[in-house]
file run_24.csv (CSV, C-alpha atoms)
chain,number,residue,atom,x,y,z
A,1,MET,CA,94.5,60.1,145.7
A,2,ALA,CA,97.2,62.2,144.1
A,3,ILE,CA,99.6,59.8,142.2
A,4,GLY,CA,102.6,62.0,141.6
A,5,SER,CA,100.8,65.1,140.4
A,6,VAL,CA,97.6,63.3,139.3
A,7,ALA,CA,94.3,63.5,141.1
A,8,TYR,CA,93.0,59.9,140.4
A,9,PHE,CA,89.3,59.4,139.7
A,10,ASP,CA,89.3,56.2,137.8
A,11,ALA,CA,89.1,53.5,140.5
A,12,ASN,CA,86.5,51.5,138.6
A,13,ALA,CA,89.1,50.9,136.0
A,14,SER,CA,91.8,50.2,138.5
A,15,THR,CA,92.8,51.3,142.0
A,16,PRO,CA,96.2,52.3,143.3
A,17,VAL,CA,98.0,49.5,145.1
A,18,ASP,CA,98.0,49.9,148.8
A,19,PRO,CA,101.6,50.2,150.1
A,20,ARG,CA,100.9,47.4,152.6
A,21,VAL,CA,99.9,45.2,149.7
A,22,ALA,CA,103.0,46.1,147.8
A,23,GLU,CA,105.2,45.4,150.8
A,24,ALA,CA,103.7,41.9,151.2
A,25,MET,CA,104.2,41.2,147.5
A,26,VAL,CA,107.8,42.2,147.6
A,27,ALA,CA,108.3,39.9,150.6
A,28,ALA,CA,106.7,37.0,148.7
A,29,LEU,CA,108.9,37.7,145.6
A,30,THR,CA,112.0,37.6,147.7
A,31,GLU,CA,111.2,35.1,150.4
A,32,LEU,CA,109.0,32.5,148.7
A,33,PRO,CA,111.0,31.0,145.9
A,34,GLY,CA,109.4,27.6,145.9
A,35,ASN,CA,106.7,26.2,143.6
A,36,PRO,CA,103.5,25.7,145.7
A,37,SER,CA,103.1,22.2,144.3
A,38,SER,CA,106.6,21.1,145.5
A,39,GLY,CA,106.8,19.0,148.6
A,40,HIS,CA,110.0,20.5,150.0
A,41,MET,CA,110.1,23.2,152.7
A,42,ALA,CA,110.2,26.1,150.2
A,43,GLY,CA,107.2,24.8,148.3
A,44,ARG,CA,105.3,24.2,151.5
A,45,ALA,CA,106.0,27.8,152.6
A,46,ALA,CA,104.6,29.1,149.3
A,47,ARG,CA,101.5,26.9,149.7
A,48,ARG,CA,100.9,28.2,153.2
A,49,ALA,CA,101.0,31.8,151.9
A,50,ILE,CA,98.4,30.9,149.2
A,51,GLU,CA,96.1,29.3,151.7
A,52,VAL,CA,96.3,32.3,154.1
A,53,ALA,CA,95.3,34.5,151.1
A,54,ARG,CA,92.4,32.1,150.3
A,55,LEU,CA,91.1,32.5,153.8
A,56,GLU,CA,91.3,36.2,153.5
A,57,VAL,CA,89.4,36.3,150.2
A,58,ALA,CA,86.8,33.9,151.5
A,59,ALA,CA,86.3,36.2,154.5
A,60,LEU,CA,85.8,39.2,152.2
A,61,LEU,CA,83.0,37.3,150.3
A,62,ASP,CA,81.6,35.7,153.5
A,63,ALA,CA,82.1,32.3,151.9
A,64,LYS,CA,81.4,29.3,154.1
A,65,LEU,CA,84.6,27.4,153.1
A,66,PRO,CA,88.0,28.7,151.9
A,67,ASN,CA,88.1,25.9,149.3
A,68,GLU,CA,85.2,27.6,147.6
A,69,ILE,CA,87.7,30.2,146.3
A,70,VAL,CA,89.7,29.5,143.1
A,71,PHE,CA,92.4,31.9,142.2
A,72,THR,CA,92.5,33.1,138.5
A,73,SER,CA,94.2,35.8,136.5
A,74,GLY,CA,91.4,38.3,137.0
A,75,GLY,CA,87.7,39.1,136.6
A,76,SER,CA,87.5,38.3,132.9
A,77,GLU,CA,88.9,34.8,133.3
A,78,SER,CA,86.6,34.2,136.2
A,79,ASN,CA,83.6,35.3,134.2
A,80,VAL,CA,84.4,33.2,131.2
A,81,THR,CA,85.2,30.2,133.4
A,82,ALA,CA,81.9,30.5,135.2
A,83,ILE,CA,79.8,30.7,132.1
A,84,ARG,CA,81.5,27.8,130.3
A,85,ALA,CA,81.4,25.7,133.5
A,86,ALA,CA,77.7,26.3,134.0
A,87,LEU,CA,76.9,25.3,130.4
A,88,ALA,CA,79.0,22.2,130.7
A,89,ALA,CA,77.2,21.3,134.0
A,90,CYS,CA,73.8,21.6,132.2
A,91,PRO,CA,74.3,20.1,128.8
A,92,ASP,CA,70.6,19.6,128.2
A,93,ARG,CA,69.8,23.3,128.7
A,94,ARG,CA,70.7,25.8,125.9
A,95,GLU,CA,69.8,29.2,127.3
A,96,VAL,CA,71.5,31.9,129.3
A,97,VAL,CA,69.8,34.8,130.9
A,98,THR,CA,71.8,38.0,131.4
A,99,SER,CA,71.2,41.8,131.1
A,100,THR,CA,71.8,44.4,128.5
A,101,VAL,CA,74.5,46.2,130.6
A,102,GLU,CA,77.0,43.4,131.4
A,103,HIS,CA,80.7,43.8,131.2
A,104,ALA,CA,82.5,43.0,127.9
A,105,ALA,CA,83.9,39.8,129.3
A,106,VAL,CA,80.4,38.4,129.7
A,107,ASN,CA,78.9,39.9,126.6
A,108,ALA,CA,81.7,38.8,124.2
A,109,THR,CA,81.7,35.3,125.7
A,110,LEU,CA,78.0,34.9,125.3
A,111,ASP,CA,78.0,36.3,121.8
A,112,ARG,CA,80.6,33.7,120.8
A,113,LEU,CA,78.7,30.9,122.4
A,114,ALA,CA,75.6,31.9,120.5
A,115,MET,CA,77.5,31.9,117.3
A,116,THR,CA,79.6,28.7,117.8
A,117,ASP,CA,77.4,26.5,120.0
A,118,GLY,CA,73.9,27.8,119.2
A,119,ILE,CA,73.3,28.9,122.8
A,120,THR,CA,70.3,31.2,123.1
A,121,ILE,CA,71.0,34.5,125.0
A,122,ARG,CA,68.1,36.2,126.7
A,123,ARG,CA,69.1,39.8,127.6
A,124,VAL,CA,66.9,41.5,130.2
A,125,PRO,CA,66.4,45.2,129.7
A,126,VAL,CA,67.1,48.0,132.2
A,127,ASP,CA,65.3,51.3,132.8
A,128,GLY,CA,66.7,54.8,132.5
A,129,ASN,CA,68.5,54.5,135.9
A,130,GLY,CA,70.1,51.2,134.9
A,131,CYS,CA,67.8,49.1,137.1
A,132,LEU,CA,66.9,45.6,136.0
A,133,ASP,CA,63.3,45.0,134.7
A,134,LEU,CA,62.2,42.4,137.3
A,135,ASP,CA,59.1,41.3,135.4
A,136,ALA,CA,61.2,40.7,132.2
A,137,TYR,CA,63.8,38.8,134.3
A,138,ARG,CA,61.2,36.4,135.6
A,139,ALA,CA,59.7,36.0,132.2
A,140,ALA,CA,63.1,35.1,130.7
A,141,LEU,CA,63.6,32.1,133.0
A,142,GLY,CA,62.4,28.8,131.8
A,143,ALA,CA,63.0,25.1,131.6
A,144,ASP,CA,65.9,25.5,129.1
A,145,THR,CA,67.7,28.1,131.3
A,146,ALA,CA,71.2,26.8,132.2
A,147,LEU,CA,72.6,29.9,133.7
A,148,VAL,CA,71.7,33.4,134.9
A,149,THR,CA,74.7,35.7,134.9
A,150,LEU,CA,74.1,39.2,136.2
A,151,MET,CA,76.5,41.8,137.6
A,152,THR,CA,76.2,43.0,141.2
A,153,ALA,CA,77.3,46.6,140.4
A,154,ASN,CA,77.6,48.3,137.0
A,155,ASN,CA,81.1,49.4,136.2
A,156,GLU,CA,79.9,52.6,134.4
A,157,THR,CA,77.0,53.9,136.4
A,158,GLY,CA,77.5,52.1,139.7
A,159,THR,CA,73.8,50.9,139.7
A,160,LEU,CA,73.3,47.8,141.9
A,161,PHE,CA,71.2,44.8,140.9
A,162,PRO,CA,69.3,43.1,143.8
A,163,ILE,CA,71.2,39.8,143.6
A,164,ALA,CA,69.7,38.2,146.7
A,165,ASP,CA,66.2,38.8,145.3
A,166,LEU,CA,67.1,37.4,141.9
A,167,VAL,CA,68.7,34.1,142.9
A,168,PRO,CA,65.6,32.2,144.2
A,169,ALA,CA,63.8,32.5,140.8
A,170,ALA,CA,66.8,31.2,138.9
A,171,HIS,CA,67.1,28.2,141.3
A,172,ALA,CA,63.4,27.6,141.1
A,173,ALA,CA,63.9,27.3,137.3
A,174,GLY,CA,66.7,24.8,137.8
A,175,ALA,CA,69.4,27.2,136.6
A,176,LEU,CA,72.8,28.1,138.1
A,177,PHE,CA,73.4,31.7,139.1
A,178,HIS,CA,76.7,33.6,138.6
A,179,THR,CA,77.4,37.2,139.5
A,180,ASP,CA,80.1,39.4,138.2
A,181,ALA,CA,81.0,41.1,141.5
A,182,VAL,CA,84.2,42.7,140.3
A,183,GLN,CA,83.1,46.3,141.0
A,184,ALA,CA,81.3,45.5,144.2
A,185,ALA,CA,83.9,43.5,146.1
A,186,GLY,CA,85.6,45.7,148.7
A,187,ARG,CA,83.1,48.5,148.1
A,188,LEU,CA,80.0,47.1,149.8
A,189,HIS,CA,79.2,44.2,152.0
A,190,LEU,CA,79.0,41.0,150.1
A,191,SER,CA,77.8,37.6,151.4
A,192,VAL,CA,77.8,34.9,148.8
A,193,ALA,CA,76.5,32.6,151.6
A,194,SER,CA,73.4,34.6,152.2
A,195,THR,CA,72.6,35.5,148.6
A,196,GLY,CA,72.9,31.8,147.5
A,197,VAL,CA,74.8,32.5,144.3
A,198,ASP,CA,76.5,29.5,142.8
A,199,MET,CA,79.5,31.4,141.4
A,200,ALA,CA,80.9,35.0,141.8
A,201,SER,CA,83.8,36.7,140.1
A,202,ILE,CA,86.1,39.3,141.7
A,203,SER,CA,89.4,41.0,140.9
A,204,ALA,CA,92.2,42.2,143.1
A,205,HIS,CA,93.0,45.4,141.2
A,206,LYS,CA,89.6,46.9,142.0
A,207,LEU,CA,90.3,46.9,145.7
A,208,HIS,CA,93.9,48.2,145.9
A,209,GLY,CA,95.5,44.9,145.1
A,210,PRO,CA,97.7,43.9,142.1
A,211,LYS,CA,96.6,43.6,138.5
A,212,GLY,CA,96.6,40.1,136.9
A,213,VAL,CA,95.0,38.2,139.8
A,214,GLY,CA,91.4,37.5,140.6
A,215,ALA,CA,89.1,34.8,142.1
A,216,LEU,CA,86.1,32.7,141.3
A,217,TYR,CA,83.8,31.7,144.1
A,218,ILE,CA,82.3,28.3,143.5
A,219,ARG,CA,79.7,27.3,146.0
A,220,CYS,CA,80.4,23.9,147.5
A,221,GLY,CA,78.5,21.2,145.7
A,222,THR,CA,78.3,23.1,142.4
A,223,THR,CA,79.2,20.9,139.4
A,224,PHE,CA,82.3,22.5,137.9
A,225,SER,CA,84.8,21.9,135.0
A,226,SER,CA,88.0,23.8,134.6
A,227,LEU,CA,88.6,26.2,131.7
A,228,ILE,CA,92.4,25.8,131.9
A,229,THR,CA,93.5,22.2,132.1
A,230,GLY,CA,96.9,20.6,132.8
A,231,GLY,CA,98.2,20.2,136.3
A,232,GLY,CA,96.1,19.7,139.4
A,233,GLN,CA,96.5,23.1,140.9
A,234,GLU,CA,93.6,24.8,142.7
A,235,ARG,CA,92.1,21.4,143.4
A,236,ASN,CA,92.0,20.5,139.7
A,237,ARG,CA,89.9,23.6,139.0
A,238,ARG,CA,92.5,25.9,137.4
A,239,ALA,CA,95.8,24.5,136.1
A,240,GLY,CA,99.0,26.4,136.1
A,241,THR,CA,101.6,27.4,138.7
A,242,GLU,CA,99.9,29.9,141.0
A,243,ASN,CA,101.0,33.6,141.0
A,244,VAL,CA,102.2,33.5,144.6
A,245,PRO,CA,103.1,37.2,145.0
A,246,GLY,CA,99.9,38.3,143.3
A,247,ILE,CA,97.8,36.0,145.4
A,248,VAL,CA,99.5,37.1,148.6
A,249,GLY,CA,98.8,40.7,147.6
A,250,PHE,CA,95.2,39.9,146.9
A,251,GLY,CA,94.8,38.3,150.3
A,252,VAL,CA,96.2,41.4,152.0
A,253,ALA,CA,94.0,43.7,149.9
A,254,ALA,CA,91.0,41.6,150.8
A,255,ARG,CA,91.8,41.8,154.5
A,256,LEU,CA,92.3,45.5,154.4
A,257,ALA,CA,89.0,46.0,152.4
A,258,LEU,CA,87.2,44.0,155.1
A,259,MET,CA,88.7,46.1,157.9
A,260,ASP,CA,88.2,49.4,156.1
A,261,ALA,CA,85.3,51.5,157.4
A,262,LYS,CA,85.6,54.4,154.8
A,263,THR,CA,82.6,53.5,152.6
A,264,ASP,CA,80.6,56.3,154.2
A,265,ASP,CA,83.5,58.7,153.8
A,266,THR,CA,83.8,57.8,150.1
A,267,ALA,CA,80.0,58.4,149.6
A,268,GLN,CA,80.3,61.8,151.3
A,269,LEU,CA,83.2,62.7,149.1
A,270,ARG,CA,81.3,61.5,146.0
A,271,ASN,CA,78.2,63.4,147.0
A,272,ARG,CA,80.3,66.6,147.6
A,273,LEU,CA,81.8,66.1,144.1
A,274,GLU,CA,78.4,65.8,142.5
A,275,ALA,CA,76.9,68.7,144.4
A,276,GLU,CA,79.7,71.1,143.7
A,277,ILE,CA,79.9,70.1,140.0
A,278,ALA,CA,76.1,70.8,139.8
A,279,THR,CA,76.7,74.2,141.3
A,280,VAL,CA,79.4,75.3,138.8
A,281,LEU,CA,77.8,73.4,135.9
A,282,PRO,CA,74.0,73.5,136.5
A,283,ASN,CA,73.2,71.4,133.4
A,284,THR,CA,75.1,68.4,134.7
A,285,ILE,CA,73.0,65.2,134.8
A,286,VAL,CA,73.7,62.4,137.3
A,287,LEU,CA,73.2,59.0,135.7
A,288,GLY,CA,72.5,55.8,137.5
A,289,ASP,CA,70.1,54.9,140.3
A,290,ARG,CA,70.4,57.3,143.3
A,291,ALA,CA,69.1,54.9,145.9
A,292,ALA,CA,71.0,51.7,144.8
A,293,ARG,CA,74.4,52.8,143.6
A,294,LEU,CA,78.0,52.2,144.5
A,295,ALA,CA,79.2,54.8,147.0
A,296,ASN,CA,82.3,55.6,144.9
A,297,THR,CA,80.8,56.2,141.4
A,298,ALA,CA,79.6,59.4,139.8
A,299,CYS,CA,78.6,59.0,136.2
A,300,LEU,CA,77.9,62.5,134.9
A,301,ALA,CA,76.6,63.8,131.6
A,302,PHE,CA,77.7,67.3,130.5
A,303,PRO,CA,75.2,68.0,127.6
A,304,GLY,CA,76.8,69.9,124.7
A,305,SER,CA,80.4,68.9,125.7
A,306,ASP,CA,82.5,66.3,124.1
A,307,ALA,CA,83.5,63.7,126.7
A,308,GLU,CA,86.7,62.6,125.0
A,309,MET,CA,87.9,66.2,124.6
A,310,MET,CA,87.1,66.8,128.3
A,311,LEU,CA,89.1,63.7,129.4
A,312,HIS,CA,92.0,64.9,127.3
A,313,ARG,CA,92.0,68.3,128.9
A,314,LEU,CA,91.4,66.9,132.4
A,315,ASP,CA,94.4,64.6,131.8
A,316,ARG,CA,96.6,67.6,130.9
A,317,ALA,CA,95.4,69.3,134.1
A,318,GLY,CA,96.5,66.3,136.2
A,319,ILE,CA,93.1,64.6,136.6
A,320,ALA,CA,92.5,61.0,135.6
A,321,ALA,CA,88.9,60.1,134.8
A,322,SER,CA,87.1,57.9,132.3
A,323,SER,CA,84.3,57.9,129.7
A,324,GLY,CA,83.2,54.4,130.9
A,325,SER,CA,84.6,50.9,130.9
A,326,ALA,CA,88.4,50.8,130.4
A,327,CYS,CA,87.9,47.5,128.7
A,328,ALA,CA,85.9,49.2,125.9
A,329,SER,CA,88.0,52.3,125.5
A,330,GLY,CA,89.6,53.2,122.2
A,331,GLY,CA,86.5,52.3,120.2
A,332,SER,CA,84.2,54.8,118.5
A,333,ALA,CA,81.0,53.0,119.5
A,334,PRO,CA,78.9,54.7,122.2
A,335,SER,CA,78.5,53.0,125.6
A,336,HIS,CA,76.3,50.0,125.3
A,337,VAL,CA,75.3,50.7,128.9
A,338,LEU,CA,73.9,54.1,128.2
A,339,LEU,CA,72.3,52.9,125.0
A,340,ALA,CA,70.5,50.2,127.0
A,341,MET,CA,69.3,52.9,129.4
A,342,GLY,CA,67.9,54.9,126.5
A,343,LEU,CA,70.5,57.6,127.0
A,344,GLY,CA,72.4,57.2,123.8
A,345,HIS,CA,72.0,61.0,123.2
A,346,LEU,CA,74.2,61.6,126.3
A,347,ALA,CA,76.8,58.9,125.6
A,348,GLY,CA,79.2,61.3,123.9
A,349,SER,CA,79.1,63.8,126.8
A,350,THR,CA,79.3,61.4,129.7
A,351,VAL,CA,82.3,61.2,132.1
A,352,ARG,CA,82.7,58.7,134.9
A,353,PHE,CA,84.5,59.8,138.1
A,354,SER,CA,85.1,56.8,140.4
A,355,LEU,CA,86.7,57.2,143.8
A,356,SER,CA,88.7,55.0,146.2
A,357,ARG,CA,89.4,55.2,149.9
A,358,PHE,CA,92.6,57.1,149.0
A,359,ASN,CA,90.8,60.1,147.4
A,360,THR,CA,90.8,63.4,149.4
A,361,ASP,CA,89.0,66.7,149.6
A,362,ALA,CA,92.0,68.2,147.9
A,363,ASP,CA,91.4,66.0,144.8
A,364,VAL,CA,87.8,67.2,144.6
A,365,ASP,CA,89.0,70.8,145.1
A,366,HIS,CA,91.3,70.5,142.1
A,367,LEU,CA,88.6,68.9,140.0
A,368,ILE,CA,86.1,71.7,140.8
A,369,GLU,CA,88.6,74.4,140.0
A,370,VAL,CA,89.5,72.9,136.6
A,371,LEU,CA,86.2,71.4,135.4
A,372,PRO,CA,84.2,74.5,134.4
A,373,VAL,CA,87.0,75.6,132.0
A,374,VAL,CA,87.4,72.1,130.6
A,375,ALA,CA,83.7,71.8,130.0
A,376,ARG,CA,83.5,75.2,128.3
A,377,GLU,CA,86.5,74.4,126.1
A,378,SER,CA,85.0,71.1,125.1
A,379,ARG,CA,81.7,72.4,123.9
A,380,ILE,CA,80.8,70.8,120.6
A,381,LEU,CA,78.8,73.8,119.2
A,382,GLU,CA,81.6,76.2,119.9
A,383,ILE,CA,84.1,73.9,118.1
A,384,VAL,CA,81.8,73.6,115.1
A,385,ALA,CA,81.3,77.4,115.1
call {"tool": "encode", "arguments": {"input": "run_24.csv", "output": "structure tokens"}}
result
Amino acid sequence: MAIGSVAYFDANASTPVDPRVAEAMVAALTELPGNPSSGHMAGRAARRAIEVARLEVAALLDAKLPNEIVFTSGGSESNVTAIRAALAACPDRREVVTSTVEHAAVNATLDRLAMTDGITIRRVPVDGNGCLDLDAYRAALGADTALVTLMTANNETGTLFPIADLVPAAHAAGALFHTDAVQAAGRLHLSVASTGVDMASISAHKLHGPKGVGALYIRCGTTFSSLITGGGQERNRRAGTENVPGIVGFGVAARLALMDAKTDDTAQLRNRLEAEIATVLPNTIVLGDRAARLANTACLAFPGSDAEMMLHRLDRAGIAASSGSACASGGSAPSHVLLAMGLGHLAGSTVRFSLSRFNTDADVDHLIEVLPVVARESRILEIVA
């Protein structure tokens, strides 16, 4: 999607807000002044709008009940809440099983819990495609496992974890199962009911909704304690006056994502992007699992080129892309995902192009026209020479 004069290929960081979402949010801002906890007519109208959105988000996740959805400020809050709630629900268990490629919100939370609370973190490795080592996963589970937290789709490579196949072993060990589904929601069919996960995190701004609003799915019957305490909002599971316009926008975005049938179109556009880049830059390496990967994600290594310099030049040419997770940008450390995949030598030359349903062939045409020059100008050896 061209935003102004920019061809936007950074959907895994954030997506453009759908105009229909924006329209609904403006209406909520102007027409729903009441506090949803108030008993008067204005408050009841705001409450109804929230409950409609809750139904729409529940439908997106194929949750059995709308009250299994708790609205939050985004994916990070949902992840932290799920982890802390699971440990509180299992006070006699002191271990968490996760992977080596999780999002910073999960990694940083677990690292802090290990330091402050003495929780043992067992990180399951991945292979060169980012696929989870299933034997190591099963071996990591034990009588002291309180929680398994594994992402559905990786934000950098798009590689998918087989969540439905992983849940039974966790439950057999007596552990709760949480999945960070932030990158997957709205991009592939999700059914929390059929996978059996106990908790799942999603975020509105990854599916053409607003920033600053997300949700945590909590399976009915799961023992849960809130992270944010105070009032009784969200059925005592998340205190604070609800972000009514954001939640309304989230509901519309969820409904549109469920209705949208462009996943195949996005995959075709992504495949065309990869094929044409490989033609003009034959040394390009596609990272991530080819068979089990998000349809919108192309994580590409350009050996010999400097990724940050490429991104700077692409930006100047009106193309937005990323070197990995936006939540980790600005640091000098190489991608922990690529390091975990054994691809640290490619980390400095890897660029992620992530598409949305708004991207067009014209966007890809512009990228293919610009990229060869950008890659050549960003070659490390030429700079040193």
call {"tool": "closest_atom_pairs", "arguments": {"input": "run_24.csv", "of": "stretch 216-256 of chain A", "to": "stretch 50-61 of chain A", "cutoff": "8 Å", "atoms": "all atoms listed in the file", "output": "JSON lines"}}
result
{"residue": "A:Val244", "atom": "CA", "partner": "A:Ile50", "partner_atom": "CA", "distance": 6.5}
{"residue": "A:Ile247", "atom": "CA", "partner": "A:Ile50", "partner_atom": "CA", "distance": 6.4}
{"residue": "A:Val248", "atom": "CA", "partner": "A:Ala53", "partner_atom": "CA", "distance": 5.5}
{"residue": "A:Gly249", "atom": "CA", "partner": "A:Ala53", "partner_atom": "CA", "distance": 7.9}
{"residue": "A:Phe250", "atom": "CA", "partner": "A:Ala53", "partner_atom": "CA", "distance": 6.8}
{"residue": "A:Gly251", "atom": "CA", "partner": "A:Ala53", "partner_atom": "CA", "distance": 3.9}
{"residue": "A:Val252", "atom": "CA", "partner": "A:Ala53", "partner_atom": "CA", "distance": 7.0}
{"residue": "A:Ala254", "atom": "CA", "partner": "A:Val57", "partner_atom": "CA", "distance": 5.6}
{"residue": "A:Arg255", "atom": "CA", "partner": "A:Glu56", "partner_atom": "CA", "distance": 5.7}
call {"tool": "write_last_selection", "arguments": {"input": "run_24.csv", "atoms": "C-alpha atoms", "output": "PDB file, in the frame of the given file"}}
result
ATOM      1  CA  VAL A 244     102.200  33.500 144.600  1.00  0.00           C
ATOM      2  CA  ILE A 247      97.800  36.000 145.400  1.00  0.00           C
ATOM      3  CA  VAL A 248      99.500  37.100 148.600  1.00  0.00           C
ATOM      4  CA  GLY A 249      98.800  40.700 147.600  1.00  0.00           C
ATOM      5  CA  PHE A 250      95.200  39.900 146.900  1.00  0.00           C
ATOM      6  CA  GLY A 251      94.800  38.300 150.300  1.00  0.00           C
ATOM      7  CA  VAL A 252      96.200  41.400 152.000  1.00  0.00           C
ATOM      8  CA  ALA A 254      91.000  41.600 150.800  1.00  0.00           C
ATOM      9  CA  ARG A 255      91.800  41.800 154.500  1.00  0.00           C
TER      10      ARG A 255
END
call {"tool": "atom_distance", "arguments": {"input": "run_24.csv", "atom1": "atom CA of A:Val370", "atom2": "atom CA of A:Glu156"}}
result
22.6 Å
call {"tool": "residues_around", "arguments": {"input": "run_24.csv", "residues": "A:Glu31", "least_positions_apart": "3", "cutoff": "10 Å", "atoms": "all atoms listed in the file", "output": "mmCIF file with C-alpha atoms, in the frame of the given file"}}
result
data_model
loop_
_atom_site.group_PDB
_atom_site.id
_atom_site.type_symbol
_atom_site.label_atom_id
_atom_site.label_comp_id
_atom_site.auth_asym_id
_atom_site.auth_seq_id
_atom_site.Cartn_x
_atom_site.Cartn_y
_atom_site.Cartn_z
ATOM 1 C CA MET A 25 104.200 41.200 147.500
ATOM 2 C CA VAL A 26 107.800 42.200 147.600
ATOM 3 C CA ALA A 27 108.300 39.900 150.600
ATOM 4 C CA ALA A 28 106.700 37.000 148.700
ATOM 5 C CA GLY A 34 109.400 27.600 145.900
ATOM 6 C CA ALA A 42 110.200 26.100 150.200
ATOM 7 C CA ALA A 45 106.000 27.800 152.600
ATOM 8 C CA ALA A 46 104.600 29.100 149.300
ATOM 9 C CA PRO A 245 103.100 37.200 145.000
#
call {"tool": "residues_around", "arguments": {"input": "run_24.csv", "residues": "stretch 112-124 of chain A", "least_positions_apart": "3", "cutoff": "9 Å", "atoms": "all atoms listed in the file", "output": "list of chain:residue names"}}
result
A:Arg84, A:Arg93, A:Arg94, A:Glu95, A:Val96, A:Val97, A:Thr98, A:Ser99, A:Thr100, A:Val101, A:Asn107, A:Ala108, A:Thr109, A:Leu132, A:Asp133, A:Leu134, A:Ala136, A:Tyr137, A:Ala140, A:Leu141
call {"tool": "closest_residue", "arguments": {"input": "run_24.csv", "among": "A:Asn67, A:Asn236, A:Ser5, A:Asn283", "to": "A:Asp363", "atoms": "all atoms listed in the file"}}
result
A:Ser5
call {"tool": "residues_around", "arguments": {"input": "run_24.csv", "residues": "A:Val373", "least_positions_apart": "4", "cutoff": "10 Å", "atoms": "all atoms listed in the file", "output": "PyMOL selection string"}}
result
chain A and resi 310+313-314+368-369+377-378
call {"tool": "closest_atom_pairs", "arguments": {"input": "run_24.csv", "of": "stretch 64-151 of chain A", "to": "stretch 164-184 of chain A", "cutoff": "10 Å", "atoms": "all atoms listed in the file", "output": "CSV"}}
result
residue,atom,partner,partner_atom,distance
A:Gly74,CA,A:Val182,CA,9.1
A:Gly75,CA,A:Val182,CA,6.2
A:Ser76,CA,A:Asp180,CA,9.2
A:Ser78,CA,A:Asp180,CA,8.6
A:Asn79,CA,A:Asp180,CA,6.7
A:Ala82,CA,A:His178,CA,6.9
A:Ile83,CA,A:His178,CA,7.8
A:Ala86,CA,A:Leu176,CA,6.6
A:Leu87,CA,A:Leu176,CA,9.2
A:Ala89,CA,A:Leu176,CA,9.1
A:Cys90,CA,A:Ala175,CA,8.4
A:Arg93,CA,A:Ala175,CA,8.8
A:Glu95,CA,A:Ala175,CA,9.5
A:Val96,CA,A:Ala175,CA,8.9
A:Val97,CA,A:Ala170,CA,9.3
A:Thr98,CA,A:His178,CA,9.8
A:Glu102,CA,A:Asp180,CA,8.5
A:His103,CA,A:Asp180,CA,8.3
A:Ala105,CA,A:Asp180,CA,9.7
A:Val106,CA,A:Asp180,CA,8.6
A:Leu134,CA,A:Leu166,CA,8.4
A:Tyr137,CA,A:Leu166,CA,8.4
A:Arg138,CA,A:Ala169,CA,7.0
A:Ala140,CA,A:Ala170,CA,9.8
A:Leu141,CA,A:Ala173,CA,6.5
A:Gly142,CA,A:Ala173,CA,5.9
A:Ala143,CA,A:Ala173,CA,6.2
A:Asp144,CA,A:Ala175,CA,8.4
A:Thr145,CA,A:Ala175,CA,5.6
A:Ala146,CA,A:Ala175,CA,4.8
A:Leu147,CA,A:Leu176,CA,4.8
A:Val148,CA,A:Phe177,CA,4.8
A:Thr149,CA,A:His178,CA,4.7
A:Leu150,CA,A:Thr179,CA,5.1
A:Met151,CA,A:Asp180,CA,4.4
call {"tool": "atom_distance", "arguments": {"input": "run_24.csv", "atom1": "atom CA of A:Glu308", "atom2": "atom CA of A:Ala204"}}
result
27.8 Å
call {"tool": "closest_atom_pairs", "arguments": {"input": "run_24.csv", "of": "stretch 88-160 of chain A", "to": "stretch 298-305 of chain A", "cutoff": "10 Å", "atoms": "only C-alpha atoms", "output": "tab-separated table"}}
result
residue	atom	partner	partner_atom	distance
A:Asn155	CA	A:Cys299	CA	9.9
A:Glu156	CA	A:Cys299	CA	6.8
A:Thr157	CA	A:Cys299	CA	5.3
A:Gly158	CA	A:Ala298	CA	7.6
call {"tool": "closest_residue", "arguments": {"input": "run_24.csv", "among": "A:Cys220, A:Leu311, A:Leu160, A:Ala317", "to": "A:Gly348", "atoms": "all atoms listed in the file"}}
result
A:Leu311
call {"tool": "closest_residue", "arguments": {"input": "run_24.csv", "among": "A:Pro334, A:Ser225, A:Leu367, A:Asp315", "to": "A:Ala88", "atoms": "all atoms listed in the file"}}
result
A:Ser225
call {"tool": "residues_around", "arguments": {"input": "run_24.csv", "residues": "A:Gly246", "least_positions_apart": "6", "cutoff": "8 Å", "atoms": "only C-alpha atoms", "output": "number ranges by chain"}}
result
A: 25, 210-213
call {"tool": "atom_distance", "arguments": {"input": "run_24.csv", "atom1": "atom CA of A:Gly318", "atom2": "atom CA of A:Arg376"}}
result
17.6 Å
call {"tool": "decode", "arguments": {"input": "run_24.csv", "residues": "stretch 281-285 of chain A", "atoms": "N, CA and C atoms", "output": "tab-separated table (two decimals), in the first residue's frame"}}
result
chain	number	residue	atom	x	y	z
A	281	LEU	N	18.77	-10.17	-8.05
A	281	LEU	CA	19.86	-10.34	-7.07
A	281	LEU	C	19.96	-11.83	-6.75
A	282	PRO	N	20.65	-12.60	-7.61
A	282	PRO	CA	20.66	-14.07	-7.51
A	282	PRO	C	21.22	-14.61	-6.20
A	283	ASN	N	22.01	-13.85	-5.48
A	283	ASN	CA	22.59	-14.35	-4.22
A	283	ASN	C	21.65	-14.22	-3.03
A	284	THR	N	20.45	-13.70	-3.25
A	284	THR	CA	19.48	-13.53	-2.16
A	284	THR	C	19.12	-14.87	-1.54
A	285	ILE	N	19.03	-14.89	-0.21
A	285	ILE	CA	18.67	-16.10	0.52
A	285	ILE	C	17.35	-15.86	1.25
